[in-house]
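Student: So I've got this file, my_file-v1.txt, and it contains compact mmCIF, C-alpha atoms:
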```txt
# COMPACT_ATOMS: atom_id res chain seq x y z
CA MET D 12 134.00 97.56 130.79
CA THR D 13 132.74 95.02 128.26
CA SER D 14 132.59 92.33 130.95
CA VAL D 15 130.47 94.62 133.13
CA THR D 16 128.01 95.40 130.35
CA PHE D 17 127.87 91.71 129.38
CA LEU D 18 127.04 90.82 132.98
CA LEU D 19 124.35 93.52 132.94
CA MET D 20 122.85 91.94 129.81
CA ILE D 21 122.70 88.56 131.56
CA VAL D 22 121.06 90.02 134.68
CA VAL D 23 118.45 91.88 132.62
CA PHE D 24 117.78 88.77 130.52
CA ILE D 25 117.20 86.66 133.64
CA ALA D 26 114.92 89.37 135.06
CA THR D 27 112.98 89.38 131.79
CA LEU D 28 112.44 85.63 132.01
CA GLY D 29 111.19 86.11 135.56
CA ILE D 30 108.70 88.77 134.46
CA GLN D 31 107.48 86.59 131.59
CA PHE D 32 106.96 83.73 134.04
CA TRP D 33 105.08 86.05 136.41
CA LEU D 34 102.83 87.23 133.56
CA GLN D 35 102.03 83.68 132.50
CA ARG D 36 101.33 82.64 136.07
CA THR D 37 99.20 85.70 136.86
CA TYR D 38 97.24 85.39 133.62
CA ALA D 39 96.66 81.67 134.21
CA ARG D 40 95.48 82.33 137.76
CA TYR D 41 92.90 84.96 136.85
CA SER D 42 91.84 83.12 133.72
CA ARG D 43 90.24 80.66 136.12
CA VAL D 44 88.31 83.39 137.95
CA ALA D 45 84.98 84.12 136.26
CA ASN D 46 83.50 87.60 136.56
CA SER D 47 80.26 87.83 138.49
CA ARG D 48 78.29 89.11 135.48
CA GLY D 49 79.31 86.22 133.26
CA LEU D 50 80.40 88.49 130.39
CA THR D 51 83.00 87.40 127.86
CA GLY D 52 85.93 89.43 126.65
CA ALA D 53 84.22 89.95 123.29
CA GLN D 54 81.01 91.20 124.91
CA VAL D 55 82.86 93.66 127.12
CA ALA D 56 84.99 94.93 124.24
CA ARG D 57 81.90 95.51 122.10
CA THR D 58 80.02 97.24 124.92
CA ILE D 59 82.90 99.60 125.71
CA LEU D 60 83.44 100.46 122.05
CA ASP D 61 79.75 101.24 121.57
CA ALA D 62 79.68 103.32 124.75
CA HIS D 63 82.45 105.46 123.27
CA GLY D 64 80.76 105.79 119.91
CA LEU D 65 83.23 103.49 118.16
CA HIS D 66 80.59 101.43 116.38
CA GLY D 67 82.80 100.99 113.31
CA VAL D 68 85.57 99.22 115.22
CA ARG D 69 85.16 95.46 114.91
CA VAL D 70 85.96 92.83 117.52
CA GLU D 71 87.40 89.60 116.14
CA PRO D 72 88.99 86.44 117.54
CA VAL D 73 92.59 85.61 116.63
CA PRO D 74 94.37 82.25 117.12
CA GLY D 75 96.91 81.79 119.88
CA ALA D 76 97.30 82.82 123.51
CA LEU D 77 97.99 86.42 124.52
CA THR D 78 98.00 87.42 120.86
CA ASP D 79 95.53 90.21 121.63
CA HIS D 80 96.10 93.53 119.85
CA TYR D 81 94.43 96.53 118.27
CA ASP D 82 94.95 97.09 114.55
CA PRO D 83 94.72 100.86 113.88
CA MET D 84 94.87 100.37 110.11
CA GLN D 85 91.92 97.97 109.93
CA LYS D 86 90.16 99.43 113.01
CA VAL D 87 89.85 96.01 114.61
CA VAL D 88 90.26 94.84 118.19
CA ARG D 89 91.59 91.31 117.90
CA LEU D 90 91.29 89.13 120.98
CA SER D 91 93.01 85.76 121.37
CA GLU D 92 90.45 82.98 121.16
CA PRO D 93 90.55 82.20 124.91
CA ASN D 94 89.98 85.85 125.85
CA TYR D 95 87.36 86.38 123.15
CA ALA D 96 85.07 83.67 124.53
CA SER D 97 86.10 83.59 128.19
CA PRO D 98 84.16 85.26 131.06
CA SER D 99 87.29 85.44 133.23
CA SER D 100 88.65 88.51 134.98
CA ALA D 101 91.84 88.18 132.94
CA ALA D 102 89.91 88.13 129.66
CA LEU D 103 87.99 91.28 130.58
CA ALA D 104 91.20 93.07 131.60
CA VAL D 105 92.92 92.23 128.32
CA ALA D 106 89.85 93.10 126.25
CA ALA D 107 89.43 96.47 127.97
CA HIS D 108 93.14 97.18 127.50
CA GLU D 109 92.97 96.59 123.74
CA VAL D 110 89.85 98.73 123.52
CA GLY D 111 91.87 101.36 125.36
CA HIS D 112 94.14 101.49 122.32
CA ALA D 113 91.13 101.95 120.06
CA ILE D 114 90.02 104.87 122.23
CA GLN D 115 93.53 106.34 122.05
CA ASP D 116 93.36 106.08 118.27
CA ALA D 117 89.96 107.76 118.11
CA LYS D 118 91.08 110.59 120.37
CA GLY D 119 94.36 111.14 118.50
CA TYR D 120 96.53 110.19 121.48
CA ALA D 121 99.90 111.75 120.70
CA TRP D 122 102.18 108.94 121.87
CA LEU D 123 100.23 106.41 119.79
CA ARG D 124 100.84 108.52 116.69
CA VAL D 125 104.53 108.90 117.48
CA ARG D 126 104.85 105.14 117.95
CA ALA D 127 103.15 104.47 114.61
CA GLN D 128 105.60 106.82 112.87
CA LEU D 129 108.58 105.12 114.50
CA LEU D 130 107.42 101.59 113.69
CA PRO D 131 108.98 101.24 110.19
CA VAL D 132 112.39 102.48 111.34
CA ALA D 133 112.17 100.40 114.52
CA ASN D 134 111.47 97.23 112.52
CA ILE D 135 114.50 97.88 110.33
CA GLY D 136 116.66 98.70 113.37
CA SER D 137 115.73 95.61 115.36
CA MET D 138 116.21 93.36 112.34
CA PHE D 139 119.42 94.74 110.84
CA GLY D 140 121.09 96.78 113.62
CA PRO D 141 122.78 93.85 115.42
CA TRP D 142 123.89 92.27 112.13
CA ILE D 143 125.41 95.50 110.86
CA PHE D 144 127.23 95.92 114.18
CA LEU D 145 128.55 92.35 113.94
CA LEU D 146 129.61 92.94 110.34
CA GLY D 147 131.53 96.01 111.49
CA MET D 148 133.33 93.89 114.09
CA LEU D 149 134.27 91.30 111.44
CA MET D 150 135.59 94.07 109.18
CA SER D 151 138.50 94.78 111.53
CA PHE D 152 136.24 96.70 113.93
CA ASN D 153 135.02 99.19 111.35
CA GLU D 154 133.83 101.99 113.63
CA THR D 155 131.52 103.55 111.04
CA MET D 156 129.72 100.27 110.42
CA MET D 157 129.46 99.53 114.11
CA SER D 158 128.07 103.02 114.79
CA VAL D 159 125.40 102.54 112.13
CA GLY D 160 124.38 99.28 113.79
CA ILE D 161 124.14 100.96 117.18
CA TRP D 162 122.05 103.83 115.86
CA LEU D 163 119.70 101.47 114.04
CA PHE D 164 119.24 99.34 117.14
CA GLY D 165 118.77 102.56 119.10
CA ALA D 166 115.75 103.34 116.93
CA ALA D 167 114.19 100.08 118.10
CA ALA D 168 114.91 101.04 121.71
CA LEU D 169 113.32 104.45 121.13
CA PHE D 170 110.20 102.70 119.84
CA GLN D 171 110.11 100.61 123.01
CA LEU D 172 110.49 103.74 125.12
CA VAL D 173 107.57 105.45 123.38
CA THR D 174 105.55 102.25 123.79
CA LEU D 175 105.61 102.58 127.59
CA PRO D 176 103.25 105.58 127.93
CA VAL D 177 100.99 104.06 125.26
CA GLU D 178 100.64 100.79 127.16
CA PHE D 179 100.38 102.37 130.61
CA ASP D 180 97.69 104.77 129.41
CA ALA D 181 95.69 101.95 127.80
CA SER D 182 95.82 99.96 131.04
CA ASN D 183 94.76 102.95 133.12
CA ARG D 184 91.85 103.58 130.76
CA ALA D 185 90.89 99.91 130.94
CA LEU D 186 90.83 99.75 134.73
CA ALA D 187 88.87 102.98 135.01
CA ILE D 188 86.29 101.79 132.48
CA LEU D 189 85.91 98.33 134.01
CA GLN D 190 85.19 99.93 137.36
CA ARG D 191 83.01 102.77 136.10
CA MET D 192 80.84 100.48 133.97
CA ASN D 193 80.62 97.88 136.77
CA PHE D 194 81.98 95.01 134.72
CA LEU D 195 84.02 93.78 137.70
CA ASP D 196 83.48 94.00 141.44
CA ASN D 197 86.23 95.11 143.82
CA ARG D 198 87.66 91.61 144.26
CA GLU D 199 87.73 91.00 140.53
CA MET D 200 89.33 94.39 139.90
CA GLY D 201 92.34 93.24 141.89
CA GLY D 202 92.85 90.38 139.44
CA ALA D 203 92.48 92.65 136.43
CA ARG D 204 95.00 95.09 137.88
CA ALA D 205 97.48 92.27 138.55
CA VAL D 206 97.24 90.99 134.97
CA LEU D 207 97.73 94.42 133.42
CA THR D 208 100.60 95.28 135.77
CA ALA D 209 102.44 92.08 134.86
CA ALA D 210 101.85 92.75 131.17
CA ALA D 211 103.14 96.32 131.48
CA LEU D 212 106.36 95.12 133.12
CA THR D 213 107.14 92.99 130.06
CA TYR D 214 107.45 96.23 128.06
CA VAL D 215 109.74 97.71 130.69
CA ALA D 216 111.87 94.57 130.56
CA ALA D 217 112.08 94.70 126.77
CA LEU D 218 113.35 98.28 126.93
CA ALA D 219 115.88 97.37 129.64
CA ASN D 220 117.15 94.53 127.45
CA SER D 221 117.64 96.86 124.49
CA LEU D 222 119.41 99.51 126.56
CA ALA D 223 121.74 96.93 128.11
CA THR D 224 122.55 95.62 124.63
CA ILE D 225 123.32 99.13 123.36
CA LEU D 226 125.62 99.77 126.33
CA HIS D 227 127.43 96.52 125.58
CA TYR D 228 127.85 97.49 121.92
CA VAL D 229 129.22 100.88 122.89
CA ALA D 230 131.64 99.27 125.35
CA ILE D 231 132.90 96.89 122.65
CA MET D 232 133.48 99.75 120.24
CA GLN D 233 135.21 101.82 122.92
CA SER D 234 137.50 98.91 123.81
CA ALA D 235 138.40 98.42 120.14
CA ARG D 236 139.16 102.12 119.83
CA GLU D 237 141.55 102.03 122.81
CA GLU D 238 143.55 99.04 121.52
```
Kindly return the structure encoded in the file as structure tokens.
Tutor:
Amino acid sequence: MTSVTFLLMIVVFIATLGIQFWLQRTYARYSRVANSRGLTGAQVARTILDAHGLHGVRVEPVPGALTDHYDPMQKVVRLSEPNYASPSSAALAVAAHEVGHAIQDAKGYAWLRVRAQLLPVANIGSMFGPWIFLLGMLMSFNETMMSVGIWLFGAAALFQLVTLPVEFDASNRALAILQRMNFLDNREMGGARAVLTAAALTYVAALANSLATILHYVAIMQSAREE
């Protein structure tokens, strides 16, 4: 059983690398396609926020590539420097997606609140869960210790599960807004949809990785119990 779950982990890991490569390639492709209105990611983010009455939410550049995120504590949409200043279809898609999170926050979107509540436990679980499980193995397969590690890592997987509806909803909001406010024409919308779809699949892959790891941990503990 452990060999099967280990093989599953390898397959999921390879699939994750493929999805990451697809995201990078898709983003790079549509980063070279300028939108017909010549608007930057920062301009579109600001316009959408103002249209939804979110005048207090700031839009700021942040170093790096694909480091875009919404900070609900500071009420800031942070766009990576390329997306902040770029008029590409990819930049507008990412900017609208992050503004989608700001809109979720303003409307009290339930899954966003649940994710925020799970974040502290998920951080602890992802950081310490595997190490506690390994420690349990080194302590003559201490089942209690191994179980604690699995449950902690499971909290991280639960966070990733809750993240899916949050990210999908933000992308759906983004695409609807980009089309409704005529930021992109039909051809450009296809690029925006491709970028957001590839990005969404990275979250699915992350969850699949965590679930495969948990199954492998459980299989190891079950094998130790049967010996």
Student: So, with all atoms listed in the file as the atoms that count, which of D:Leu18, D:Ala102, D:Leu65, D:Ala166 lies closest to Ala39 in chain D?
Tutor: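 Smallest distance to Ala39 in chain D is found for D:Ala102.
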Student: Please provide as a list in words all residues within 6 Å of Phe164 in chain D, with the sequence filter that same-chain residues fewer than 3 positions apart are discarded (counting all atoms listed in the file).
Tutor: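 Counting only the stated atoms, we get Gly136, Ser137, Gly140, Ile161 and Ala167 of chain D.
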Student: Could you pull the residues within 7 Å of Thr174 in chain D, counting only C-alpha atoms, minus those fewer than 4 positions along the same chain, as number ranges by chain?
Tutor: D: 126, 170, 178
Student: Choose the residue, out of D:Thr13, D:Arg40, D:Ala185, D:Ile114, that has the smallest atom-to-atom separation from Asp82 in chain D; count all atoms listed in the file.
Tutor: D:Ile114
Student: Sort by chain and increasing residue number a table of all residues of range 163-188 of chain D within 7 Å of range 216-223 of chain D, each with its closest pair of atoms and their distance in Å to one decimal, counting only C-alpha atoms, and write it as CSV.
Tutor:
```
residue,atom,partner,partner_atom,distance
D:Ala168,CA,D:Ser221,CA,5.7
D:Gln171,CA,D:Leu218,CA,5.6
D:Leu172,CA,D:Leu218,CA,6.4
```
Student: Please write the residues from the selection above to a file, keeping C-alpha atoms, as a short mmCIF file (atom, residue, chain, number, x, y, z; two decimals), in the coordinates of the input.
Tutor:
```cif
data_model
loop_
_atom_site.label_atom_id
_atom_site.label_comp_id
_atom_site.auth_asym_id
_atom_site.auth_seq_id
_atom_site.Cartn_x
_atom_site.Cartn_y
_atom_site.Cartn_z
CA ALA D 168 114.91 101.04 121.71
CA GLN D 171 110.11 100.61 123.01
CA LEU D 172 110.49 103.74 125.12
#
```
Student: Select, from D:Val23, D:Val177, D:Leu189, D:Leu169, the residue with the minimum atom-to-atom distance to Thr58 in chain D, counting only C-alpha atoms.
Tutor: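 Looking only at the distances to Thr58 in chain D, the closest residue turns out to be D:Leu189.
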Student: Of the candidates D:Trp122, D:Leu145, D:Thr224, D:Phe152, which one gets nearest to Pro176 in chain D if we count only C-alpha atoms?
Tutor: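 Result for the nearest residue to Pro176 in chain D: D:Trp122.
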Student: What gap, in Å, lies between CA of Arg48 in chain D and CA of Phe194 in chain D?
Tutor: 7.0 Å
Student: Around (79.8, 88.2, 135.9) in the file's own coordinates, what residues are found within 9 Å if you use all atoms listed in the file, given back as a list in words?
Tutor: Ala45, Asn46, Ser47, Arg48, Gly49, Leu50, Thr51, Pro98, Ser99, Ser100, Phe194, Leu195 and Asp196 of chain D
Student: Here is a test: counting only C-alpha atoms, which residue of D:Ala117, D:Ala127, D:Val105, D:Leu34 is nearest to Val68 in chain D?
Tutor: D:Ala117
Student: Record the distance separating CA of Asp180 in chain D and CA of Leu163 in chain D, expressed in Å with one decimal.
Tutor: 27.0 Å
Student: What is the CA of Ala113 in chain D-CA of Thr208 in chain D distance in Å, reported with one decimal?
Tutor: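 We find that CA of Ala113 in chain D and CA of Thr208 in chain D lie 19.5 Å from each other.
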Student: Between D:Leu123, D:Gln115, D:Ile225, D:Pro131, which residue has the minimum interatomic distance to Trp162 in chain D, considering all atoms listed in the file?
Tutor: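 Comparing D:Leu123, D:Gln115, D:Ile225, D:Pro131 against Trp162 in chain D, the winner is D:Ile225.
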Student: Excluding Ala210 in chain D and any residue of its chain fewer than 4 positions from it, enumerate the residues within 10 Å of it, using all atoms listed in the file, and give them as a count of residues only.
Tutor: 17
Student: Quick one: everything within 8 Å of range 85-91 of chain D, counting only C-alpha atoms, minus sequence neighbours fewer than 6 positions away in the same chain. Send it as a ChimeraX atom specification.
Tutor: /D:52-53,67-79,106,109-110,113
Student: Generate the coordinates of all heavy atoms for range 98-109 of chain D; report them as a PDB file, in the coordinates of the input.
Tutor:
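Resulting contents of part-v9.pdb:
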```pdb
ATOM      1  N   PRO D  98      84.745  84.281 130.129  1.00  0.00           N
ATOM      2  CA  PRO D  98      84.160  85.260 131.060  1.00  0.00           C
ATOM      3  C   PRO D  98      85.080  85.529 132.255  1.00  0.00           C
ATOM      4  O   PRO D  98      84.606  85.934 133.313  1.00  0.00           O
ATOM      5  CB  PRO D  98      82.872  84.553 131.508  1.00  0.00           C
ATOM      6  CG  PRO D  98      83.269  83.108 131.542  1.00  0.00           C
ATOM      7  CD  PRO D  98      84.255  82.908 130.423  1.00  0.00           C
ATOM      8  N   SER D  99      86.373  85.293 132.091  1.00  0.00           N
ATOM      9  CA  SER D  99      87.290  85.440 133.230  1.00  0.00           C
ATOM     10  C   SER D  99      87.669  86.898 133.464  1.00  0.00           C
ATOM     11  O   SER D  99      87.558  87.743 132.563  1.00  0.00           O
ATOM     12  CB  SER D  99      88.564  84.620 132.982  1.00  0.00           C
ATOM     13  OG  SER D  99      89.340  85.201 131.950  1.00  0.00           O
ATOM     14  N   SER D 100      88.167  87.165 134.651  1.00  0.00           N
ATOM     15  CA  SER D 100      88.650  88.510 134.980  1.00  0.00           C
ATOM     16  C   SER D 100      89.827  88.889 134.088  1.00  0.00           C
ATOM     17  O   SER D 100      89.946  90.042 133.657  1.00  0.00           O
ATOM     18  CB  SER D 100      89.082  88.560 136.444  1.00  0.00           C
ATOM     19  OG  SER D 100      87.995  88.292 137.308  1.00  0.00           O
ATOM     20  N   ALA D 101      90.695  87.917 133.808  1.00  0.00           N
ATOM     21  CA  ALA D 101      91.840  88.180 132.940  1.00  0.00           C
ATOM     22  C   ALA D 101      91.394  88.552 131.537  1.00  0.00           C
ATOM     23  O   ALA D 101      91.942  89.481 130.928  1.00  0.00           O
ATOM     24  CB  ALA D 101      92.753  86.944 132.895  1.00  0.00           C
ATOM     25  N   ALA D 102      90.405  87.846 131.014  1.00  0.00           N
ATOM     26  CA  ALA D 102      89.910  88.130 129.660  1.00  0.00           C
ATOM     27  C   ALA D 102      89.342  89.535 129.573  1.00  0.00           C
ATOM     28  O   ALA D 102      89.575  90.255 128.593  1.00  0.00           O
ATOM     29  CB  ALA D 102      88.858  87.101 129.267  1.00  0.00           C
ATOM     30  N   LEU D 103      88.586  89.944 130.589  1.00  0.00           N
ATOM     31  CA  LEU D 103      87.990  91.280 130.580  1.00  0.00           C
ATOM     32  C   LEU D 103      89.070  92.350 130.677  1.00  0.00           C
ATOM     33  O   LEU D 103      88.968  93.404 130.037  1.00  0.00           O
ATOM     34  CB  LEU D 103      86.995  91.422 131.720  1.00  0.00           C
ATOM     35  CG  LEU D 103      85.532  91.101 131.356  1.00  0.00           C
ATOM     36  CD1 LEU D 103      85.380  89.666 130.867  1.00  0.00           C
ATOM     37  CD2 LEU D 103      84.614  91.352 132.549  1.00  0.00           C
ATOM     38  N   ALA D 104      90.105  92.094 131.469  1.00  0.00           N
ATOM     39  CA  ALA D 104      91.200  93.070 131.600  1.00  0.00           C
ATOM     40  C   ALA D 104      91.902  93.257 130.270  1.00  0.00           C
ATOM     41  O   ALA D 104      92.155  94.399 129.842  1.00  0.00           O
ATOM     42  CB  ALA D 104      92.193  92.586 132.656  1.00  0.00           C
ATOM     43  N   VAL D 105      92.220  92.156 129.601  1.00  0.00           N
ATOM     44  CA  VAL D 105      92.920  92.230 128.320  1.00  0.00           C
ATOM     45  C   VAL D 105      92.039  92.899 127.266  1.00  0.00           C
ATOM     46  O   VAL D 105      92.500  93.748 126.491  1.00  0.00           O
ATOM     47  CB  VAL D 105      93.357  90.833 127.859  1.00  0.00           C
ATOM     48  CG1 VAL D 105      93.929  90.888 126.446  1.00  0.00           C
ATOM     49  CG2 VAL D 105      94.383  90.251 128.820  1.00  0.00           C
ATOM     50  N   ALA D 106      90.765  92.522 127.231  1.00  0.00           N
ATOM     51  CA  ALA D 106      89.850  93.100 126.250  1.00  0.00           C
ATOM     52  C   ALA D 106      89.723  94.610 126.440  1.00  0.00           C
ATOM     53  O   ALA D 106      89.779  95.374 125.470  1.00  0.00           O
ATOM     54  CB  ALA D 106      88.473  92.433 126.366  1.00  0.00           C
ATOM     55  N   ALA D 107      89.568  95.034 127.692  1.00  0.00           N
ATOM     56  CA  ALA D 107      89.430  96.470 127.970  1.00  0.00           C
ATOM     57  C   ALA D 107      90.719  97.208 127.624  1.00  0.00           C
ATOM     58  O   ALA D 107      90.685  98.348 127.148  1.00  0.00           O
ATOM     59  CB  ALA D 107      89.073  96.677 129.443  1.00  0.00           C
ATOM     60  N   HIS D 108      91.851  96.565 127.845  1.00  0.00           N
ATOM     61  CA  HIS D 108      93.140  97.180 127.500  1.00  0.00           C
ATOM     62  C   HIS D 108      93.242  97.424 126.002  1.00  0.00           C
ATOM     63  O   HIS D 108      93.644  98.515 125.567  1.00  0.00           O
ATOM     64  CB  HIS D 108      94.286  96.273 127.963  1.00  0.00           C
ATOM     65  CG  HIS D 108      95.636  96.752 127.537  1.00  0.00           C
ATOM     66  ND1 HIS D 108      96.390  97.618 128.305  1.00  0.00           N
ATOM     67  CD2 HIS D 108      96.370  96.503 126.420  1.00  0.00           C
ATOM     68  CE1 HIS D 108      97.524  97.873 127.680  1.00  0.00           C
ATOM     69  NE2 HIS D 108      97.544  97.205 126.535  1.00  0.00           N
ATOM     70  N   GLU D 109      92.887  96.429 125.198  1.00  0.00           N
ATOM     71  CA  GLU D 109      92.970  96.590 123.740  1.00  0.00           C
ATOM     72  C   GLU D 109      91.971  97.633 123.247  1.00  0.00           C
ATOM     73  O   GLU D 109      92.269  98.398 122.326  1.00  0.00           O
ATOM     74  CB  GLU D 109      92.747  95.245 123.052  1.00  0.00           C
ATOM     75  CG  GLU D 109      93.773  94.179 123.395  1.00  0.00           C
ATOM     76  CD  GLU D 109      95.209  94.644 123.191  1.00  0.00           C
ATOM     77  OE1 GLU D 109      95.456  95.525 122.333  1.00  0.00           O
ATOM     78  OE2 GLU D 109      96.099  94.138 123.902  1.00  0.00           O
TER      79      GLU D 109
END
```
